[in-house]
Amino acid sequence: MRIFYAQLAPWWPLVSPVEDYEEEAREIARVIAAHAPRARTLLELGSGGGHIAFYLKRALALTLTDLSPEMLAMSARLNPECEHVPGDMRSLDLGRTFDVVFAHDAIDYMTTEDDLAAAIETASRHLGPGGVAVFMPDHIAERYAPSTDHGGADGPDGRALRFLEWTTEVAPGATSGTTHYSFLVREADGSVRALHEAHAFGLFSQATWTRLFERAGFAVDAVEEVTNDDRAPRVLFIGRKR
């Protein structure tokens, strides 16, 4: 992932423009308000470039964590009022609790059940009784389907980027899969280069998600995302700390 989240981190606003996240962030905010109406603080695990945080910070005080220092630096430019802390969602321990712990699609990088369990335990460790964890994976086993996507944008400085995303088929019963990313990157001087990177993702059943949340001390609900995007709605796992 050294290309996507390190080499291309300065290009993140062109890979995934912040305005593309507004509707999704509105849905996440709605879910948080419904399950934690008095929440004031939120810890995001795997916050990336901070594009969801850009919208959530309007109502919550955010602490953002990520493995990539390059992506955290991009988020800090976009969200200077938020706290940024480098860390691995499997082992992070800030020594304090929050009202909400949120993980978006970065949770998909938990490719084993042990990794996923560790990330959920991290959420539990950072919540007091009654605190709420909201996890929003891109994929669960029952709803998985191969897909393709494309995008990119032009920057005001003459730079531009286009990408193709290809999430491939998986074998029956598999607990992981692969997404391929290809990029065409145009520098301000007009030179163009091509890059490719493959990312592994975890693929777990809803029953596995529920079992791991319960084992970590949560009462858990699975709710379907409300979206107008041209794709199947995702499942959000909402755990309340016992």
# chains A, B, ... in the order shown; residues from 1 in each chain; ligands from 1
call {"tool": "residues_around", "arguments": {"residues": "A:Tyr144", "least_positions_apart": "4", "cutoff": "12 Å", "atoms": "only C-alpha atoms", "output": "number ranges by chain"}}
result
A: 137-140, 167-177, 201-206, 231-235
call {"tool": "write_last_selection", "arguments": {"atoms": "N, CA and C atoms", "output": "PDB file, in the first residue's frame"}}
result
ATOM      1  N   PRO A 137     -17.869  -1.490   7.009  1.00  0.00           N
ATOM      2  CA  PRO A 137     -17.036  -2.129   5.992  1.00  0.00           C
ATOM      3  C   PRO A 137     -17.650  -2.015   4.601  1.00  0.00           C
ATOM      4  N   ASP A 138     -16.797  -2.067   3.599  1.00  0.00           N
ATOM      5  CA  ASP A 138     -17.297  -2.096   2.222  1.00  0.00           C
ATOM      6  C   ASP A 138     -17.933  -3.436   1.886  1.00  0.00           C
ATOM      7  N   HIS A 139     -17.422  -4.510   2.514  1.00  0.00           N
ATOM      8  CA  HIS A 139     -17.840  -5.850   2.115  1.00  0.00           C
ATOM      9  C   HIS A 139     -18.197  -6.704   3.330  1.00  0.00           C
ATOM     10  N   ILE A 140     -19.275  -7.476   3.217  1.00  0.00           N
ATOM     11  CA  ILE A 140     -19.485  -8.636   4.086  1.00  0.00           C
ATOM     12  C   ILE A 140     -19.773  -9.817   3.171  1.00  0.00           C
ATOM     13  N   THR A 167     -12.315  -5.000  -8.246  1.00  0.00           N
ATOM     14  CA  THR A 167     -12.433  -5.947  -7.142  1.00  0.00           C
ATOM     15  C   THR A 167     -12.867  -7.280  -7.725  1.00  0.00           C
ATOM     16  N   THR A 168     -12.026  -8.295  -7.578  1.00  0.00           N
ATOM     17  CA  THR A 168     -12.182  -9.530  -8.330  1.00  0.00           C
ATOM     18  C   THR A 168     -13.049 -10.553  -7.599  1.00  0.00           C
ATOM     19  N   GLU A 169     -13.357 -11.637  -8.302  1.00  0.00           N
ATOM     20  CA  GLU A 169     -14.124 -12.726  -7.718  1.00  0.00           C
ATOM     21  C   GLU A 169     -13.322 -13.394  -6.599  1.00  0.00           C
ATOM     22  N   VAL A 170     -14.044 -14.016  -5.667  1.00  0.00           N
ATOM     23  CA  VAL A 170     -13.393 -14.789  -4.600  1.00  0.00           C
ATOM     24  C   VAL A 170     -13.948 -16.202  -4.620  1.00  0.00           C
ATOM     25  N   ALA A 171     -13.165 -17.125  -4.100  1.00  0.00           N
ATOM     26  CA  ALA A 171     -13.605 -18.512  -4.028  1.00  0.00           C
ATOM     27  C   ALA A 171     -14.706 -18.665  -2.987  1.00  0.00           C
ATOM     28  N   PRO A 172     -15.618 -19.597  -3.163  1.00  0.00           N
ATOM     29  CA  PRO A 172     -16.663 -19.838  -2.149  1.00  0.00           C
ATOM     30  C   PRO A 172     -16.037 -20.098  -0.780  1.00  0.00           C
ATOM     31  N   GLY A 173     -16.543 -19.397   0.229  1.00  0.00           N
ATOM     32  CA  GLY A 173     -16.046 -19.571   1.577  1.00  0.00           C
ATOM     33  C   GLY A 173     -14.782 -18.795   1.895  1.00  0.00           C
ATOM     34  N   ALA A 174     -14.238 -18.053   0.934  1.00  0.00           N
ATOM     35  CA  ALA A 174     -13.016 -17.290   1.173  1.00  0.00           C
ATOM     36  C   ALA A 174     -13.268 -16.190   2.189  1.00  0.00           C
ATOM     37  N   THR A 175     -12.256 -15.879   2.991  1.00  0.00           N
ATOM     38  CA  THR A 175     -12.367 -14.808   3.984  1.00  0.00           C
ATOM     39  C   THR A 175     -11.502 -13.612   3.615  1.00  0.00           C
ATOM     40  N   SER A 176     -11.019 -13.571   2.370  1.00  0.00           N
ATOM     41  CA  SER A 176     -10.300 -12.392   1.892  1.00  0.00           C
ATOM     42  C   SER A 176     -10.404 -12.333   0.377  1.00  0.00           C
ATOM     43  N   GLY A 177     -10.135 -11.165  -0.161  1.00  0.00           N
ATOM     44  CA  GLY A 177     -10.157 -10.959  -1.602  1.00  0.00           C
ATOM     45  C   GLY A 177      -9.144  -9.901  -1.985  1.00  0.00           C
ATOM     46  N   PHE A 201      -8.264  -7.495   1.055  1.00  0.00           N
ATOM     47  CA  PHE A 201      -9.291  -7.076   2.006  1.00  0.00           C
ATOM     48  C   PHE A 201      -9.892  -8.300   2.677  1.00  0.00           C
ATOM     49  N   GLY A 202     -10.389  -8.091   3.896  1.00  0.00           N
ATOM     50  CA  GLY A 202     -11.062  -9.161   4.626  1.00  0.00           C
ATOM     51  C   GLY A 202     -12.503  -9.302   4.188  1.00  0.00           C
ATOM     52  N   LEU A 203     -13.026 -10.502   4.301  1.00  0.00           N
ATOM     53  CA  LEU A 203     -14.403 -10.778   3.882  1.00  0.00           C
ATOM     54  C   LEU A 203     -15.006 -11.752   4.891  1.00  0.00           C
ATOM     55  N   PHE A 204     -15.821 -11.214   5.813  1.00  0.00           N
ATOM     56  CA  PHE A 204     -16.349 -12.005   6.917  1.00  0.00           C
ATOM     57  C   PHE A 204     -17.875 -11.959   6.925  1.00  0.00           C
ATOM     58  N   SER A 205     -18.465 -13.005   7.427  1.00  0.00           N
ATOM     59  CA  SER A 205     -19.927 -13.085   7.475  1.00  0.00           C
ATOM     60  C   SER A 205     -20.474 -12.149   8.545  1.00  0.00           C
ATOM     61  N   GLN A 206     -21.743 -11.835   8.417  1.00  0.00           N
ATOM     62  CA  GLN A 206     -22.404 -11.012   9.425  1.00  0.00           C
ATOM     63  C   GLN A 206     -22.370 -11.711  10.780  1.00  0.00           C
ATOM     64  N   ARG A 231     -25.171   1.619  -6.192  1.00  0.00           N
ATOM     65  CA  ARG A 231     -24.529   0.407  -5.683  1.00  0.00           C
ATOM     66  C   ARG A 231     -25.425  -0.162  -4.592  1.00  0.00           C
ATOM     67  N   ALA A 232     -25.120  -1.394  -4.208  1.00  0.00           N
ATOM     68  CA  ALA A 232     -25.878  -2.007  -3.117  1.00  0.00           C
ATOM     69  C   ALA A 232     -25.544  -1.302  -1.807  1.00  0.00           C
ATOM     70  N   PRO A 233     -26.523  -1.085  -0.939  1.00  0.00           N
ATOM     71  CA  PRO A 233     -26.232  -0.469   0.368  1.00  0.00           C
ATOM     72  C   PRO A 233     -25.347  -1.372   1.212  1.00  0.00           C
ATOM     73  N   ARG A 234     -24.497  -0.755   2.015  1.00  0.00           N
ATOM     74  CA  ARG A 234     -23.619  -1.505   2.909  1.00  0.00           C
ATOM     75  C   ARG A 234     -24.317  -1.778   4.244  1.00  0.00           C
ATOM     76  N   VAL A 235     -23.711  -2.642   5.033  1.00  0.00           N
ATOM     77  CA  VAL A 235     -24.203  -2.950   6.368  1.00  0.00           C
ATOM     78  C   VAL A 235     -23.307  -2.255   7.384  1.00  0.00           C
TER      79      VAL A 235
END
call {"tool": "residues_around", "arguments": {"residues": "A:Arg40", "least_positions_apart": "3", "cutoff": "12 Å", "atoms": "only C-alpha atoms", "output": "JSON, numbers by chain"}}
result
{"A": [32, 33, 36, 37, 43, 56, 57, 58, 59, 60, 61, 62, 63, 97, 98, 99, 100, 101, 131, 132]}
call {"tool": "write_last_selection", "arguments": {"atoms": "N, CA and C atoms", "output": "PDB file, in the first residue's frame"}}
result
ATOM      1  N   ILE A  32     -25.040   7.970  13.893  1.00  0.00           N
ATOM      2  CA  ILE A  32     -24.456   8.327  15.187  1.00  0.00           C
ATOM      3  C   ILE A  32     -25.475   9.074  16.040  1.00  0.00           C
ATOM      4  N   ALA A  33     -26.186  10.028  15.444  1.00  0.00           N
ATOM      5  CA  ALA A  33     -27.174  10.796  16.204  1.00  0.00           C
ATOM      6  C   ALA A  33     -28.296   9.898  16.721  1.00  0.00           C
ATOM      7  N   ALA A  36     -26.299   7.548  19.458  1.00  0.00           N
ATOM      8  CA  ALA A  36     -25.539   8.245  20.514  1.00  0.00           C
ATOM      9  C   ALA A  36     -25.878   9.724  20.457  1.00  0.00           C
ATOM     10  N   PRO A  37     -27.133  10.091  20.777  1.00  0.00           N
ATOM     11  CA  PRO A  37     -27.580  11.472  20.582  1.00  0.00           C
ATOM     12  C   PRO A  37     -26.834  12.487  21.430  1.00  0.00           C
ATOM     13  N   LEU A  43     -13.562   9.057  18.070  1.00  0.00           N
ATOM     14  CA  LEU A  43     -12.274   8.545  17.628  1.00  0.00           C
ATOM     15  C   LEU A  43     -12.494   7.788  16.331  1.00  0.00           C
ATOM     16  N   LEU A  56     -18.008  15.313   9.644  1.00  0.00           N
ATOM     17  CA  LEU A  56     -18.388  14.943  11.011  1.00  0.00           C
ATOM     18  C   LEU A  56     -17.917  15.964  12.038  1.00  0.00           C
ATOM     19  N   LYS A  57     -16.847  16.687  11.756  1.00  0.00           N
ATOM     20  CA  LYS A  57     -16.301  17.633  12.737  1.00  0.00           C
ATOM     21  C   LYS A  57     -17.243  18.805  13.004  1.00  0.00           C
ATOM     22  N   ARG A  58     -18.270  18.956  12.198  1.00  0.00           N
ATOM     23  CA  ARG A  58     -19.227  20.040  12.429  1.00  0.00           C
ATOM     24  C   ARG A  58     -20.002  19.837  13.727  1.00  0.00           C
ATOM     25  N   ALA A  59     -20.160  18.573  14.138  1.00  0.00           N
ATOM     26  CA  ALA A  59     -20.963  18.294  15.326  1.00  0.00           C
ATOM     27  C   ALA A  59     -20.185  17.614  16.447  1.00  0.00           C
ATOM     28  N   LEU A  60     -18.966  17.139  16.154  1.00  0.00           N
ATOM     29  CA  LEU A  60     -18.217  16.345  17.127  1.00  0.00           C
ATOM     30  C   LEU A  60     -16.766  16.795  17.185  1.00  0.00           C
ATOM     31  N   ALA A  61     -16.152  16.627  18.335  1.00  0.00           N
ATOM     32  CA  ALA A  61     -14.707  16.825  18.469  1.00  0.00           C
ATOM     33  C   ALA A  61     -14.026  15.518  18.079  1.00  0.00           C
ATOM     34  N   LEU A  62     -13.161  15.567  17.059  1.00  0.00           N
ATOM     35  CA  LEU A  62     -12.617  14.352  16.471  1.00  0.00           C
ATOM     36  C   LEU A  62     -11.150  14.144  16.809  1.00  0.00           C
ATOM     37  N   THR A  63     -10.818  12.891  17.065  1.00  0.00           N
ATOM     38  CA  THR A  63      -9.432  12.419  17.115  1.00  0.00           C
ATOM     39  C   THR A  63      -9.279  11.410  15.991  1.00  0.00           C
ATOM     40  N   THR A  97     -11.083   7.559  26.859  1.00  0.00           N
ATOM     41  CA  THR A  97     -12.268   7.061  26.180  1.00  0.00           C
ATOM     42  C   THR A  97     -12.985   8.178  25.443  1.00  0.00           C
ATOM     43  N   PHE A  98     -13.862   7.754  24.531  1.00  0.00           N
ATOM     44  CA  PHE A  98     -14.621   8.646  23.674  1.00  0.00           C
ATOM     45  C   PHE A  98     -16.090   8.225  23.709  1.00  0.00           C
ATOM     46  N   ASP A  99     -16.946   9.092  23.207  1.00  0.00           N
ATOM     47  CA  ASP A  99     -18.364   8.739  23.140  1.00  0.00           C
ATOM     48  C   ASP A  99     -18.640   7.773  21.994  1.00  0.00           C
ATOM     49  N   VAL A 100     -17.907   7.932  20.892  1.00  0.00           N
ATOM     50  CA  VAL A 100     -18.099   7.105  19.696  1.00  0.00           C
ATOM     51  C   VAL A 100     -16.725   6.708  19.159  1.00  0.00           C
ATOM     52  N   VAL A 101     -16.610   5.462  18.702  1.00  0.00           N
ATOM     53  CA  VAL A 101     -15.463   5.034  17.902  1.00  0.00           C
ATOM     54  C   VAL A 101     -15.997   4.615  16.542  1.00  0.00           C
ATOM     55  N   GLY A 131     -20.925   3.646  25.567  1.00  0.00           N
ATOM     56  CA  GLY A 131     -20.313   4.198  24.364  1.00  0.00           C
ATOM     57  C   GLY A 131     -20.669   3.375  23.138  1.00  0.00           C
ATOM     58  N   VAL A 132     -20.566   3.986  21.979  1.00  0.00           N
ATOM     59  CA  VAL A 132     -21.042   3.369  20.739  1.00  0.00           C
ATOM     60  C   VAL A 132     -19.903   3.236  19.739  1.00  0.00           C
TER      61      VAL A 132
END
call {"tool": "residues_around", "arguments": {"residues": "A:Ala216", "least_positions_apart": "4", "cutoff": "8 Å", "atoms": "only C-alpha atoms", "output": "PDB file with C-alpha atoms, in the first residue's frame"}}
result
ATOM      1  CA  ALA A 117     -11.109  -8.950  16.563  1.00  0.00           C
ATOM      2  CA  ILE A 120     -12.991  -4.270  17.625  1.00  0.00           C
ATOM      3  CA  GLU A 121     -11.164  -4.686  20.951  1.00  0.00           C
ATOM      4  CA  SER A 124     -14.006  -1.359  23.174  1.00  0.00           C
ATOM      5  CA  LEU A 212     -16.599 -10.632  17.576  1.00  0.00           C
TER       6      LEU A 212
END
call {"tool": "residues_around", "arguments": {"residues": "A:Tyr21", "least_positions_apart": "3", "cutoff": "9 Å", "atoms": "only C-alpha atoms", "output": "PyMOL selection string"}}
result
chain A and resi 16-18+24-26+51-52+54-55
call {"tool": "closest_residue", "arguments": {"among": "A:Glu44, A:Asp105, A:Glu165, A:Glu197", "to": "A:Thr122", "atoms": "only C-alpha atoms"}}
result
A:Glu44
call {"tool": "residues_around", "arguments": {"residues": "A:Glu214", "least_positions_apart": "4", "cutoff": "12 Å", "atoms": "only C-alpha atoms", "output": "short mmCIF file (atom, residue, chain, number, x, y, z; two decimals) with N, CA, C and O atoms, in the first residue's frame"}}
result
data_model
loop_
_atom_site.label_atom_id
_atom_site.label_comp_id
_atom_site.auth_asym_id
_atom_site.auth_seq_id
_atom_site.Cartn_x
_atom_site.Cartn_y
_atom_site.Cartn_z
N ALA A 117 -10.82 -8.91 15.12
CA ALA A 117 -11.11 -8.95 16.56
C ALA A 117 -10.28 -7.91 17.31
O ALA A 117 -10.78 -7.24 18.23
N ILE A 120 -11.78 -4.43 16.83
CA ILE A 120 -12.99 -4.27 17.62
C ILE A 120 -12.63 -4.12 19.10
O ILE A 120 -13.25 -3.31 19.82
N GLU A 121 -11.64 -4.85 19.57
CA GLU A 121 -11.16 -4.69 20.95
C GLU A 121 -10.60 -3.28 21.17
O GLU A 121 -10.77 -2.71 22.26
N SER A 124 -13.51 -1.12 21.82
CA SER A 124 -14.01 -1.36 23.17
C SER A 124 -13.13 -0.67 24.22
O SER A 124 -13.64 -0.08 25.18
N ALA A 133 -19.77 2.04 19.16
CA ALA A 133 -18.86 1.79 18.05
C ALA A 133 -19.66 1.67 16.78
O ALA A 133 -20.69 0.97 16.75
N ALA A 207 -22.48 -13.04 10.78
CA ALA A 207 -22.42 -13.78 12.05
C ALA A 207 -21.05 -13.63 12.70
O ALA A 207 -20.95 -13.52 13.93
N THR A 208 -19.98 -13.61 11.90
CA THR A 208 -18.64 -13.43 12.46
C THR A 208 -18.50 -12.04 13.05
O THR A 208 -17.98 -11.87 14.17
N TRP A 209 -18.95 -11.03 12.32
CA TRP A 209 -18.91 -9.67 12.86
C TRP A 209 -19.65 -9.59 14.19
O TRP A 209 -19.15 -9.02 15.17
N THR A 210 -20.86 -10.15 14.23
CA THR A 210 -21.67 -10.09 15.45
C THR A 210 -20.98 -10.80 16.60
O THR A 210 -20.92 -10.29 17.73
N PHE A 218 -19.87 -5.89 23.54
CA PHE A 218 -20.88 -5.03 22.92
C PHE A 218 -22.20 -5.76 22.75
O PHE A 218 -22.23 -6.97 22.47
N ALA A 219 -23.29 -5.02 22.87
CA ALA A 219 -24.56 -5.42 22.30
C ALA A 219 -24.58 -4.83 20.89
O ALA A 219 -24.34 -3.63 20.71
N VAL A 220 -24.81 -5.64 19.87
CA VAL A 220 -24.57 -5.21 18.50
C VAL A 220 -25.83 -5.30 17.65
O VAL A 220 -26.62 -6.24 17.78
N ASP A 221 -26.02 -4.31 16.79
CA ASP A 221 -27.06 -4.31 15.76
C ASP A 221 -26.39 -4.16 14.40
O ASP A 221 -25.36 -3.48 14.27
N PHE A 237 -22.29 -2.00 11.37
CA PHE A 237 -22.35 -2.71 12.64
C PHE A 237 -22.22 -1.69 13.76
O PHE A 237 -21.25 -0.93 13.82
N ILE A 238 -23.25 -1.66 14.61
CA ILE A 238 -23.33 -0.66 15.69
C ILE A 238 -23.30 -1.39 17.02
O ILE A 238 -24.22 -2.17 17.33
N GLY A 239 -22.25 -1.18 17.76
CA GLY A 239 -22.10 -1.85 19.05
C GLY A 239 -22.22 -0.87 20.20
O GLY A 239 -21.61 0.21 20.18
N ARG A 240 -23.00 -1.21 21.20
CA ARG A 240 -23.09 -0.41 22.41
C ARG A 240 -22.35 -1.13 23.52
O ARG A 240 -22.63 -2.29 23.82
N LYS A 241 -21.40 -0.44 24.14
CA LYS A 241 -20.56 -1.05 25.16
C LYS A 241 -21.39 -1.36 26.40
O LYS A 241 -22.06 -0.49 26.95
N ARG A 242 -21.35 -2.60 26.83
CA ARG A 242 -22.10 -3.00 28.02
C ARG A 242 -21.43 -2.44 29.27
O ARG A 242 -20.22 -2.29 29.31
#
call {"tool": "closest_residue", "arguments": {"among": "A:Arg90, A:His126, A:Arg162, A:Arg215", "to": "A:Ala194", "atoms": "only C-alpha atoms"}}
result
A:Arg162
call {"tool": "select_by_dssp", "arguments": {"residues": "stretch 42-197 of chain A", "states": "strand (DSSP E)", "output": "NGL selection string"}}
result
:A and (42-45 or 61-66 or 83-86 or 98-103 or 127-135 or 147-154 or 160-167 or 176-186 or 192-197)
